[in-house]
Amino acid sequence: LHGLQPASKSPQPASHAEHPPAHRSGSVPRILRGTATWFDGPAGRRGAAYPALDPYGDAGGCGTGPASPLPLPLLSIASELHIRNDCNGLETRIPITECGCVAAHFCDRCVCCGISPRGRVIELTRASFVDLGGDLDAGCFNVTARVDLP
């Protein structure tokens with residue numbers, strides 16, 4: 001067990017889990033910058049959990065969990081993001097395989113190779129995280145994700 005100092009001295013926006021901040025309206029960027037983390041999905045499976053799945057129709061929405069503090073476009077299960085590890089330059093396309101509602105709870109930063117913009121953009125499966133050069137012990141890397149919307 002290790003205790004670490006926060007990456008930023010500025011406090012996170014205050015919001016209770018039962019009363020998440022209101023979802024932002026307006027346009028959202030096609031290039032997202034922030035933090036990528038990993039989760040322990042099925043062995044060898046490549047994919048990602050994304051915190052802003054469209055709740056309507058058959059998109060696979062995240063239910064009534066908190067909205068991400070980032071202005072993220074709504075995507076569907078099986079959508080793909082072009083993910084770039086900003087620490088080493090490795091990049092690939094990764095499919096969205098599930099809801100990343102845990103990522104929506106955090107407004108933190110990654111400090112692996114400089115300080116990332118605030119917020120978690122995506123949670124990668126262990127295999128995808130390692131394929132992009134992520135260090136499992138560090139737990140995160142700075143990421144740029146591009147959304148190719150029609």
# chains A, B, ... in the order shown; residues from 1 in each chain; ligands from 1
>>> residues_around(residues="Leu136 in chain A", least_positions_apart="4", cutoff="10 Å", atoms="only C-alpha atoms", output="compact mmCIF listing (two decimals) with C-alpha atoms, in the first residue's frame")
# COMPACT_ATOMS: atom_id res chain seq x y z
CA THR A 37 -6.12 4.12 -17.34
CA TRP A 38 -6.58 0.35 -17.48
CA PHE A 39 -8.98 -2.19 -16.06
CA ARG A 126 -4.96 -4.56 -19.81
CA PHE A 129 -2.97 -0.59 -22.33
CA VAL A 130 0.21 -2.68 -22.66
CA CYS A 140 -2.05 5.69 -16.52
CA PHE A 141 -0.58 7.67 -19.39
>>> select_by_dssp(residues="range 27-140 of chain A", states="strand (DSSP E or B)", output="number ranges by chain")
A: 31-39, 48-50, 53, 75, 80-85, 91-99, 120-125, 140
>>> write_last_selection(atoms="N, CA, C and O atoms", output="compact mmCIF listing (two decimals), in the first residue's frame")
# COMPACT_ATOMS: atom_id res chain seq x y z
N ILE A 31 -11.11 15.94 -30.88
CA ILE A 31 -9.83 15.53 -30.32
C ILE A 31 -9.93 15.71 -28.81
O ILE A 31 -10.21 16.80 -28.32
N LEU A 32 -9.73 14.60 -28.09
CA LEU A 32 -9.87 14.59 -26.64
C LEU A 32 -8.51 14.38 -26.01
O LEU A 32 -7.74 13.51 -26.45
N ARG A 33 -8.20 15.16 -24.99
CA ARG A 33 -6.92 15.01 -24.30
C ARG A 33 -7.18 14.83 -22.82
O ARG A 33 -8.04 15.49 -22.24
N GLY A 34 -6.44 13.91 -22.22
CA GLY A 34 -6.60 13.64 -20.79
C GLY A 34 -5.81 12.42 -20.39
O GLY A 34 -4.67 12.24 -20.84
N THR A 35 -6.42 11.57 -19.59
CA THR A 35 -5.76 10.41 -19.02
C THR A 35 -6.39 9.12 -19.53
O THR A 35 -7.60 9.03 -19.67
N ALA A 36 -5.53 8.13 -19.79
CA ALA A 36 -5.99 6.76 -20.07
C ALA A 36 -5.55 5.90 -18.89
O ALA A 36 -4.41 6.01 -18.43
N THR A 37 -6.44 5.07 -18.40
CA THR A 37 -6.12 4.12 -17.34
C THR A 37 -6.44 2.72 -17.87
O THR A 37 -6.85 2.57 -19.02
N TRP A 38 -6.27 1.71 -17.04
CA TRP A 38 -6.58 0.35 -17.48
C TRP A 38 -7.47 -0.33 -16.47
O TRP A 38 -7.55 0.07 -15.33
N PHE A 39 -8.17 -1.37 -16.95
CA PHE A 39 -8.98 -2.19 -16.06
C PHE A 39 -8.74 -3.65 -16.44
O PHE A 39 -8.24 -3.96 -17.52
N ALA A 48 -11.91 -1.03 -24.95
CA ALA A 48 -11.89 0.10 -24.02
C ALA A 48 -13.27 0.34 -23.43
O ALA A 48 -14.28 0.00 -24.04
N ALA A 49 -13.27 0.92 -22.27
CA ALA A 49 -14.49 1.38 -21.63
C ALA A 49 -14.50 2.90 -21.77
O ALA A 49 -13.50 3.56 -21.46
N TYR A 50 -15.60 3.44 -22.25
CA TYR A 50 -15.72 4.87 -22.54
C TYR A 50 -16.83 5.46 -21.68
O TYR A 50 -17.91 4.88 -21.58
N LEU A 53 -21.36 6.85 -23.20
CA LEU A 53 -22.11 6.08 -24.19
C LEU A 53 -23.51 6.65 -24.31
O LEU A 53 -24.13 7.05 -23.33
N LEU A 75 -20.91 8.18 -27.79
CA LEU A 75 -20.57 7.13 -28.73
C LEU A 75 -21.37 5.88 -28.41
O LEU A 75 -22.06 5.84 -27.39
N GLU A 80 -15.14 3.19 -32.64
CA GLU A 80 -13.71 3.13 -32.47
C GLU A 80 -13.15 4.52 -32.22
O GLU A 80 -13.65 5.51 -32.77
N LEU A 81 -12.11 4.57 -31.40
CA LEU A 81 -11.36 5.80 -31.16
C LEU A 81 -9.93 5.57 -31.62
O LEU A 81 -9.38 4.48 -31.45
N HIS A 82 -9.35 6.59 -32.20
CA HIS A 82 -7.92 6.55 -32.54
C HIS A 82 -7.18 7.05 -31.30
O HIS A 82 -7.29 8.22 -30.95
N ILE A 83 -6.46 6.16 -30.61
CA ILE A 83 -5.83 6.46 -29.34
C ILE A 83 -4.33 6.61 -29.54
O ILE A 83 -3.68 5.77 -30.16
N ARG A 84 -3.76 7.69 -28.98
CA ARG A 84 -2.32 7.95 -29.03
C ARG A 84 -1.79 8.11 -27.62
O ARG A 84 -2.31 8.93 -26.85
N ASN A 85 -0.76 7.33 -27.27
CA ASN A 85 -0.07 7.48 -26.00
C ASN A 85 0.88 8.65 -26.17
O ASN A 85 1.86 8.57 -26.92
N GLU A 91 0.32 4.59 -31.24
CA GLU A 91 -1.10 4.85 -31.46
C GLU A 91 -1.76 3.70 -32.19
O GLU A 91 -1.11 2.95 -32.89
N THR A 92 -3.07 3.59 -32.00
CA THR A 92 -3.86 2.55 -32.66
C THR A 92 -5.34 2.89 -32.55
O THR A 92 -5.72 3.78 -31.79
N ARG A 93 -6.15 2.17 -33.30
CA ARG A 93 -7.60 2.30 -33.19
C ARG A 93 -8.08 1.24 -32.20
O ARG A 93 -7.66 0.09 -32.28
N ILE A 94 -8.95 1.63 -31.28
CA ILE A 94 -9.44 0.72 -30.26
C ILE A 94 -10.97 0.79 -30.22
O ILE A 94 -11.54 1.88 -30.16
N PRO A 95 -11.63 -0.38 -30.24
CA PRO A 95 -13.10 -0.38 -30.18
C PRO A 95 -13.60 -0.15 -28.75
O PRO A 95 -12.98 -0.58 -27.78
N ILE A 96 -14.73 0.52 -28.65
CA ILE A 96 -15.41 0.70 -27.36
C ILE A 96 -16.18 -0.60 -27.10
O ILE A 96 -17.03 -1.00 -27.89
N THR A 97 -15.88 -1.25 -25.98
CA THR A 97 -16.50 -2.54 -25.69
C THR A 97 -17.46 -2.49 -24.51
O THR A 97 -18.24 -3.41 -24.32
N GLU A 98 -17.39 -1.42 -23.70
CA GLU A 98 -18.29 -1.32 -22.56
C GLU A 98 -18.33 0.10 -22.01
O GLU A 98 -17.56 0.96 -22.41
N CYS A 99 -19.25 0.31 -21.08
CA CYS A 99 -19.40 1.61 -20.45
C CYS A 99 -18.26 1.85 -19.47
O CYS A 99 -17.91 0.97 -18.69
N ARG A 120 -10.40 11.69 -17.04
CA ARG A 120 -10.12 10.41 -17.68
C ARG A 120 -10.94 10.29 -18.95
O ARG A 120 -12.15 10.35 -18.93
N VAL A 121 -10.23 10.11 -20.05
CA VAL A 121 -10.87 10.00 -21.36
C VAL A 121 -11.34 8.58 -21.62
O VAL A 121 -12.42 8.36 -22.17
N ILE A 122 -10.53 7.60 -21.21
CA ILE A 122 -10.81 6.22 -21.57
C ILE A 122 -10.14 5.27 -20.58
O ILE A 122 -9.12 5.60 -19.99
N GLU A 123 -10.77 4.11 -20.41
CA GLU A 123 -10.17 3.02 -19.64
C GLU A 123 -9.92 1.88 -20.62
O GLU A 123 -10.86 1.39 -21.25
N LEU A 124 -8.69 1.47 -20.74
CA LEU A 124 -8.31 0.42 -21.69
C LEU A 124 -8.23 -0.92 -20.99
O LEU A 124 -7.91 -1.00 -19.80
N THR A 125 -8.51 -1.98 -21.74
CA THR A 125 -8.27 -3.31 -21.18
C THR A 125 -6.77 -3.44 -20.97
O THR A 125 -5.97 -2.71 -21.57
N CYS A 140 -1.45 4.71 -15.61
CA CYS A 140 -2.05 5.69 -16.52
C CYS A 140 -0.99 6.21 -17.49
O CYS A 140 0.20 5.99 -17.31
>>> closest_residue(among="A:Leu72, A:Ala52, A:Cys101, A:Cys87", to="Asn142 in chain A", atoms="only C-alpha atoms")
A:Cys87
>>> decode(residues="range 91-122 of chain A", atoms="N, CA, C and O atoms", output="PDB file, in the first residue's frame")
ATOM      1  N   GLU A  91       0.323   4.586 -31.235  1.00  0.00           N
ATOM      2  CA  GLU A  91      -1.099   4.854 -31.456  1.00  0.00           C
ATOM      3  C   GLU A  91      -1.759   3.704 -32.192  1.00  0.00           C
ATOM      4  O   GLU A  91      -1.107   2.948 -32.894  1.00  0.00           O
ATOM      5  N   THR A  92      -3.070   3.588 -32.004  1.00  0.00           N
ATOM      6  CA  THR A  92      -3.856   2.552 -32.659  1.00  0.00           C
ATOM      7  C   THR A  92      -5.336   2.894 -32.549  1.00  0.00           C
ATOM      8  O   THR A  92      -5.717   3.785 -31.789  1.00  0.00           O
ATOM      9  N   ARG A  93      -6.147   2.170 -33.296  1.00  0.00           N
ATOM     10  CA  ARG A  93      -7.602   2.301 -33.186  1.00  0.00           C
ATOM     11  C   ARG A  93      -8.076   1.238 -32.200  1.00  0.00           C
ATOM     12  O   ARG A  93      -7.665   0.088 -32.279  1.00  0.00           O
ATOM     13  N   ILE A  94      -8.948   1.634 -31.278  1.00  0.00           N
ATOM     14  CA  ILE A  94      -9.441   0.719 -30.256  1.00  0.00           C
ATOM     15  C   ILE A  94     -10.967   0.790 -30.220  1.00  0.00           C
ATOM     16  O   ILE A  94     -11.537   1.881 -30.161  1.00  0.00           O
ATOM     17  N   PRO A  95     -11.635  -0.377 -30.240  1.00  0.00           N
ATOM     18  CA  PRO A  95     -13.103  -0.382 -30.176  1.00  0.00           C
ATOM     19  C   PRO A  95     -13.599  -0.154 -28.747  1.00  0.00           C
ATOM     20  O   PRO A  95     -12.980  -0.583 -27.779  1.00  0.00           O
ATOM     21  N   ILE A  96     -14.735   0.517 -28.648  1.00  0.00           N
ATOM     22  CA  ILE A  96     -15.411   0.696 -27.363  1.00  0.00           C
ATOM     23  C   ILE A  96     -16.177  -0.598 -27.098  1.00  0.00           C
ATOM     24  O   ILE A  96     -17.026  -0.996 -27.895  1.00  0.00           O
ATOM     25  N   THR A  97     -15.878  -1.249 -25.982  1.00  0.00           N
ATOM     26  CA  THR A  97     -16.501  -2.537 -25.691  1.00  0.00           C
ATOM     27  C   THR A  97     -17.457  -2.486 -24.508  1.00  0.00           C
ATOM     28  O   THR A  97     -18.239  -3.408 -24.321  1.00  0.00           O
ATOM     29  N   GLU A  98     -17.387  -1.422 -23.700  1.00  0.00           N
ATOM     30  CA  GLU A  98     -18.294  -1.319 -22.559  1.00  0.00           C
ATOM     31  C   GLU A  98     -18.331   0.098 -22.008  1.00  0.00           C
ATOM     32  O   GLU A  98     -17.560   0.957 -22.415  1.00  0.00           O
ATOM     33  N   CYS A  99     -19.246   0.307 -21.079  1.00  0.00           N
ATOM     34  CA  CYS A  99     -19.404   1.611 -20.446  1.00  0.00           C
ATOM     35  C   CYS A  99     -18.259   1.854 -19.469  1.00  0.00           C
ATOM     36  O   CYS A  99     -17.912   0.969 -18.694  1.00  0.00           O
ATOM     37  N   GLY A 100     -17.704   3.032 -19.505  1.00  0.00           N
ATOM     38  CA  GLY A 100     -16.624   3.409 -18.588  1.00  0.00           C
ATOM     39  C   GLY A 100     -17.119   4.313 -17.491  1.00  0.00           C
ATOM     40  O   GLY A 100     -16.525   5.359 -17.216  1.00  0.00           O
ATOM     41  N   CYS A 101     -18.213   3.910 -16.844  1.00  0.00           N
ATOM     42  CA  CYS A 101     -18.825   4.788 -15.848  1.00  0.00           C
ATOM     43  C   CYS A 101     -17.906   5.082 -14.663  1.00  0.00           C
ATOM     44  O   CYS A 101     -18.030   6.115 -14.028  1.00  0.00           O
ATOM     45  N   VAL A 102     -16.943   4.215 -14.380  1.00  0.00           N
ATOM     46  CA  VAL A 102     -16.001   4.494 -13.292  1.00  0.00           C
ATOM     47  C   VAL A 102     -15.145   5.707 -13.641  1.00  0.00           C
ATOM     48  O   VAL A 102     -14.870   6.556 -12.795  1.00  0.00           O
ATOM     49  N   ALA A 103     -14.719   5.824 -14.897  1.00  0.00           N
ATOM     50  CA  ALA A 103     -13.895   6.954 -15.322  1.00  0.00           C
ATOM     51  C   ALA A 103     -14.622   8.287 -15.136  1.00  0.00           C
ATOM     52  O   ALA A 103     -13.995   9.316 -14.886  1.00  0.00           O
ATOM     53  N   ALA A 104     -15.937   8.274 -15.245  1.00  0.00           N
ATOM     54  CA  ALA A 104     -16.712   9.505 -15.099  1.00  0.00           C
ATOM     55  C   ALA A 104     -16.654  10.055 -13.675  1.00  0.00           C
ATOM     56  O   ALA A 104     -16.924  11.230 -13.456  1.00  0.00           O
ATOM     57  N   HIS A 105     -16.287   9.222 -12.710  1.00  0.00           N
ATOM     58  CA  HIS A 105     -16.204   9.667 -11.318  1.00  0.00           C
ATOM     59  C   HIS A 105     -14.947  10.485 -11.037  1.00  0.00           C
ATOM     60  O   HIS A 105     -14.866  11.140 -10.014  1.00  0.00           O
ATOM     61  N   PHE A 106     -13.948  10.422 -11.910  1.00  0.00           N
ATOM     62  CA  PHE A 106     -12.654  11.025 -11.621  1.00  0.00           C
ATOM     63  C   PHE A 106     -12.377  12.244 -12.487  1.00  0.00           C
ATOM     64  O   PHE A 106     -12.680  12.262 -13.665  1.00  0.00           O
ATOM     65  N   CYS A 107     -11.770  13.237 -11.870  1.00  0.00           N
ATOM     66  CA  CYS A 107     -11.351  14.452 -12.563  1.00  0.00           C
ATOM     67  C   CYS A 107      -9.885  14.695 -12.210  1.00  0.00           C
ATOM     68  O   CYS A 107      -9.485  15.780 -11.828  1.00  0.00           O
ATOM     69  N   ASP A 108      -9.078  13.623 -12.288  1.00  0.00           N
ATOM     70  CA  ASP A 108      -7.693  13.677 -11.866  1.00  0.00           C
ATOM     71  C   ASP A 108      -6.762  13.883 -13.055  1.00  0.00           C
ATOM     72  O   ASP A 108      -7.214  14.096 -14.170  1.00  0.00           O
ATOM     73  N   ARG A 109      -5.486  13.826 -12.793  1.00  0.00           N
ATOM     74  CA  ARG A 109      -4.465  13.989 -13.826  1.00  0.00           C
ATOM     75  C   ARG A 109      -3.469  12.844 -13.744  1.00  0.00           C
ATOM     76  O   ARG A 109      -3.257  12.275 -12.689  1.00  0.00           O
ATOM     77  N   CYS A 110      -2.826  12.543 -14.863  1.00  0.00           N
ATOM     78  CA  CYS A 110      -1.753  11.566 -14.911  1.00  0.00           C
ATOM     79  C   CYS A 110      -0.437  12.355 -14.984  1.00  0.00           C
ATOM     80  O   CYS A 110      -0.358  13.359 -15.696  1.00  0.00           O
ATOM     81  N   VAL A 111       0.571  11.913 -14.249  1.00  0.00           N
ATOM     82  CA  VAL A 111       1.848  12.621 -14.222  1.00  0.00           C
ATOM     83  C   VAL A 111       3.006  11.729 -14.680  1.00  0.00           C
ATOM     84  O   VAL A 111       4.129  11.887 -14.235  1.00  0.00           O
ATOM     85  N   CYS A 112       2.718  10.791 -15.585  1.00  0.00           N
ATOM     86  CA  CYS A 112       3.761   9.869 -16.054  1.00  0.00           C
ATOM     87  C   CYS A 112       4.816  10.557 -16.920  1.00  0.00           C
ATOM     88  O   CYS A 112       5.985  10.239 -16.841  1.00  0.00           O
ATOM     89  N   CYS A 113       4.424  11.466 -17.780  1.00  0.00           N
ATOM     90  CA  CYS A 113       5.375  12.164 -18.665  1.00  0.00           C
ATOM     91  C   CYS A 113       4.904  13.603 -18.840  1.00  0.00           C
ATOM     92  O   CYS A 113       4.542  14.030 -19.902  1.00  0.00           O
ATOM     93  N   GLY A 114       4.872  14.314 -17.768  1.00  0.00           N
ATOM     94  CA  GLY A 114       4.276  15.639 -17.754  1.00  0.00           C
ATOM     95  C   GLY A 114       2.871  15.513 -17.186  1.00  0.00           C
ATOM     96  O   GLY A 114       2.380  14.417 -16.940  1.00  0.00           O
ATOM     97  N   ILE A 115       2.239  16.625 -16.954  1.00  0.00           N
ATOM     98  CA  ILE A 115       0.910  16.613 -16.345  1.00  0.00           C
ATOM     99  C   ILE A 115      -0.146  16.629 -17.438  1.00  0.00           C
ATOM    100  O   ILE A 115      -0.161  17.512 -18.286  1.00  0.00           O
ATOM    101  N   SER A 116      -1.027  15.636 -17.418  1.00  0.00           N
ATOM    102  CA  SER A 116      -2.089  15.551 -18.418  1.00  0.00           C
ATOM    103  C   SER A 116      -3.166  16.587 -18.127  1.00  0.00           C
ATOM    104  O   SER A 116      -3.288  17.058 -17.001  1.00  0.00           O
ATOM    105  N   PRO A 117      -3.979  16.905 -19.130  1.00  0.00           N
ATOM    106  CA  PRO A 117      -5.180  17.690 -18.837  1.00  0.00           C
ATOM    107  C   PRO A 117      -6.052  16.908 -17.862  1.00  0.00           C
ATOM    108  O   PRO A 117      -5.977  15.685 -17.781  1.00  0.00           O
ATOM    109  N   ARG A 118      -6.881  17.601 -17.117  1.00  0.00           N
ATOM    110  CA  ARG A 118      -7.709  16.982 -16.084  1.00  0.00           C
ATOM    111  C   ARG A 118      -8.808  16.117 -16.706  1.00  0.00           C
ATOM    112  O   ARG A 118      -9.470  16.521 -17.635  1.00  0.00           O
ATOM    113  N   GLY A 119      -8.985  14.911 -16.158  1.00  0.00           N
ATOM    114  CA  GLY A 119     -10.083  14.026 -16.555  1.00  0.00           C
ATOM    115  C   GLY A 119      -9.629  12.763 -17.257  1.00  0.00           C
ATOM    116  O   GLY A 119      -8.620  12.744 -17.948  1.00  0.00           O
ATOM    117  N   ARG A 120     -10.398  11.694 -17.035  1.00  0.00           N
ATOM    118  CA  ARG A 120     -10.120  10.407 -17.681  1.00  0.00           C
ATOM    119  C   ARG A 120     -10.937  10.291 -18.954  1.00  0.00           C
ATOM    120  O   ARG A 120     -12.155  10.355 -18.934  1.00  0.00           O
ATOM    121  N   VAL A 121     -10.232  10.108 -20.052  1.00  0.00           N
ATOM    122  CA  VAL A 121     -10.871  10.004 -21.360  1.00  0.00           C
ATOM    123  C   VAL A 121     -11.342   8.583 -21.617  1.00  0.00           C
ATOM    124  O   VAL A 121     -12.421   8.363 -22.167  1.00  0.00           O
ATOM    125  N   ILE A 122     -10.526   7.602 -21.210  1.00  0.00           N
ATOM    126  CA  ILE A 122     -10.807   6.217 -21.572  1.00  0.00           C
ATOM    127  C   ILE A 122     -10.138   5.270 -20.581  1.00  0.00           C
ATOM    128  O   ILE A 122      -9.117   5.604 -19.991  1.00  0.00           O
TER     129      ILE A 122
END
